[in-house]
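This report refers to the structure that appears directly beneath it.
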Amino acid sequence: KDLAETGMILNNSYVQQVCTPSRAALLTGMYPYHLGRQHRALKPLRAGGIPTRFKLLPEMLKESGYSTHMIGKWHLGFCAWEYTPTRRGFDSFYGTYLGVLDHFTHVR
C-alpha cells in the first residue's frame with residue numbers, strides 16, 4: 001500500500017488482441033499503431049520490432065538509477081542486436097525471443 005501511495009496507481013489499462021502489440025504498448029506507453037506494431041505477433045525469422053527511435057520503459061528506469069532485468073518472453077523483435085532486450089534497457093534477460101516455446105526445453 002505504501003508503494004502505491006507514493007507512486008502511481010493505474011486505474012485504467014488497455015490490452016490488444018495479441019501479445020506483441022500489448023507488450024509494445026506497455027513498454028512505450030503508446031498505442032501500438034504509433035509504433036507499427038498494431039497487427040499480429042512477430043513471426044520467426046521476420047524482421048521487425050519496436051523501432052529504436054522509441055525509448056522503452058527499462059531505458060527510462062535506468063536513467064533514474066534503477067536496475068532492470070527481464071525474465072520471460074520478449075516477442076518484440078530480434079532481427080538485429082539493437083532490438084533485443086539487453087540493448088533496449090534491460091541489464092539482463094533470461095527467456096525466449098519468441099512465443100510458443102516449451103518453458104523447459106525452449107523448443108518450438
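Following the order of the C-alpha cells, first chain is A, next is B, and so on, with residues numbered from 1 inside each chain and ligands from 1 in the order they appear.
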Can you pull out every residue within 10 Å of range 2-15 of chain A, counting only C-alpha atoms, but drop anything in the same chain fewer than 5 positions away, and send it as an MDAnalysis selection string? chainID A and resid 21:23 25:26 31
Can you spit out the residues from that selection as a PDB file, in the first residue's frame, using N, CA and C atoms?
```
ATOM      1  N   PRO A  21       1.527  -6.497 -29.717  1.00  0.00           N
ATOM      2  CA  PRO A  21       1.032  -5.121 -29.554  1.00  0.00           C
ATOM      3  C   PRO A  21       0.851  -4.728 -28.086  1.00  0.00           C
ATOM      4  N   SER A  22       0.419  -5.651 -27.245  1.00  0.00           N
ATOM      5  CA  SER A  22       0.243  -5.342 -25.822  1.00  0.00           C
ATOM      6  C   SER A  22       1.576  -5.037 -25.155  1.00  0.00           C
ATOM      7  N   ARG A  23       2.585  -5.832 -25.461  1.00  0.00           N
ATOM      8  CA  ARG A  23       3.920  -5.607 -24.891  1.00  0.00           C
ATOM      9  C   ARG A  23       4.498  -4.281 -25.365  1.00  0.00           C
ATOM     10  N   ALA A  25       2.859  -1.612 -26.274  1.00  0.00           N
ATOM     11  CA  ALA A  25       2.151  -0.529 -25.597  1.00  0.00           C
ATOM     12  C   ALA A  25       2.625  -0.376 -24.158  1.00  0.00           C
ATOM     13  N   LEU A  26       2.779  -1.487 -23.452  1.00  0.00           N
ATOM     14  CA  LEU A  26       3.217  -1.445 -22.058  1.00  0.00           C
ATOM     15  C   LEU A  26       4.603  -0.827 -21.924  1.00  0.00           C
ATOM     16  N   TYR A  31       0.055   3.860 -27.984  1.00  0.00           N
ATOM     17  CA  TYR A  31      -0.774   2.908 -28.710  1.00  0.00           C
ATOM     18  C   TYR A  31       0.068   2.236 -29.789  1.00  0.00           C
TER      19      TYR A  31
END
```
Per DSSP on the backbone, filter chain A down to the residues in alpha helix (DSSP H) and report them as a list in words. Asp2, Leu3, Ala4, Glu5, Thr6, Cys19, Thr20, Pro21, Ser22, Arg23, Ala24, Ala25, Leu26, Leu27, Thr28, Leu57, Pro58, Glu59, Met60, Leu61, Lys62 and Glu63 of chain A
I need the chosen residues saved as a PDB file, in the first residue's frame, with C-alpha atoms.
```pdb
ATOM      1  CA  ASP A   2       2.830   2.428   0.819  1.00  0.00           C
ATOM      2  CA  LEU A   3       4.338   1.885  -2.629  1.00  0.00           C
ATOM      3  CA  ALA A   4       1.065   2.761  -4.348  1.00  0.00           C
ATOM      4  CA  GLU A   5       0.517   5.841  -2.199  1.00  0.00           C
ATOM      5  CA  THR A   6       3.953   7.243  -3.031  1.00  0.00           C
ATOM      6  CA  CYS A  19       0.919 -10.259 -27.077  1.00  0.00           C
ATOM      7  CA  THR A  20       3.259  -8.222 -29.328  1.00  0.00           C
ATOM      8  CA  PRO A  21       1.032  -5.121 -29.554  1.00  0.00           C
ATOM      9  CA  SER A  22       0.243  -5.342 -25.822  1.00  0.00           C
ATOM     10  CA  ARG A  23       3.920  -5.607 -24.891  1.00  0.00           C
ATOM     11  CA  ALA A  24       4.814  -2.736 -27.205  1.00  0.00           C
ATOM     12  CA  ALA A  25       2.151  -0.529 -25.597  1.00  0.00           C
ATOM     13  CA  LEU A  26       3.217  -1.445 -22.058  1.00  0.00           C
ATOM     14  CA  LEU A  27       6.910  -0.746 -22.662  1.00  0.00           C
ATOM     15  CA  THR A  28       6.430   2.518 -24.566  1.00  0.00           C
ATOM     16  CA  LEU A  57      10.346   1.827 -20.028  1.00  0.00           C
ATOM     17  CA  PRO A  58      13.525   0.000 -18.910  1.00  0.00           C
ATOM     18  CA  GLU A  59      15.662   2.657 -20.621  1.00  0.00           C
ATOM     19  CA  MET A  60      13.806   5.381 -18.710  1.00  0.00           C
ATOM     20  CA  LEU A  61      14.107   3.460 -15.450  1.00  0.00           C
ATOM     21  CA  LYS A  62      17.873   3.075 -15.933  1.00  0.00           C
ATOM     22  CA  GLU A  63      18.176   6.842 -16.417  1.00  0.00           C
TER      23      GLU A  63
END
```
With only C-alpha atoms as the counted atoms, please give the residues lying no more than 6 Å from Gly77 in chain A, apart from itself and same-chain residues fewer than 4 positions off, as a ChimeraX atom specification. /A:48-49,83
Restricting it to N, CA, C and O atoms, dump the selection as a PDB file, in the first residue's frame.
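Final output, result-v6.pdb:
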```pdb
ATOM      1  N   GLY A  48      11.710  -7.036 -37.838  1.00  0.00           N
ATOM      2  CA  GLY A  48      10.758  -6.125 -37.225  1.00  0.00           C
ATOM      3  C   GLY A  48      10.970  -6.011 -35.737  1.00  0.00           C
ATOM      4  O   GLY A  48      11.783  -6.704 -35.153  1.00  0.00           O
ATOM      5  N   GLY A  49      10.220  -5.133 -35.141  1.00  0.00           N
ATOM      6  CA  GLY A  49      10.310  -4.890 -33.712  1.00  0.00           C
ATOM      7  C   GLY A  49       9.844  -3.477 -33.433  1.00  0.00           C
ATOM      8  O   GLY A  49       9.341  -2.789 -34.313  1.00  0.00           O
ATOM      9  N   TYR A  83      17.574  -4.586 -31.331  1.00  0.00           N
ATOM     10  CA  TYR A  83      16.176  -4.837 -30.976  1.00  0.00           C
ATOM     11  C   TYR A  83      16.016  -5.748 -29.762  1.00  0.00           C
ATOM     12  O   TYR A  83      14.908  -5.955 -29.294  1.00  0.00           O
TER      13      TYR A  83
END
```
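Take the candidates A:Leu35, A:Ala47, A:Met70, A:Leu76 and check each one against Gly89 in chain A using only C-alpha atoms; the shortest distance goes to A:Met70.
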Residue contacts of range 102-108 of chain A (12 Å, only C-alpha atoms) excluding same-chain residues fewer than 3 positions away, as a ChimeraX atom specification: /A:44,71-73,94-99
Given the choices A:Ser64, A:Pro51, A:Ala80, A:Arg46, which gets closest to His34 in chain A if the distance is worked out from only C-alpha atoms? A:Pro51
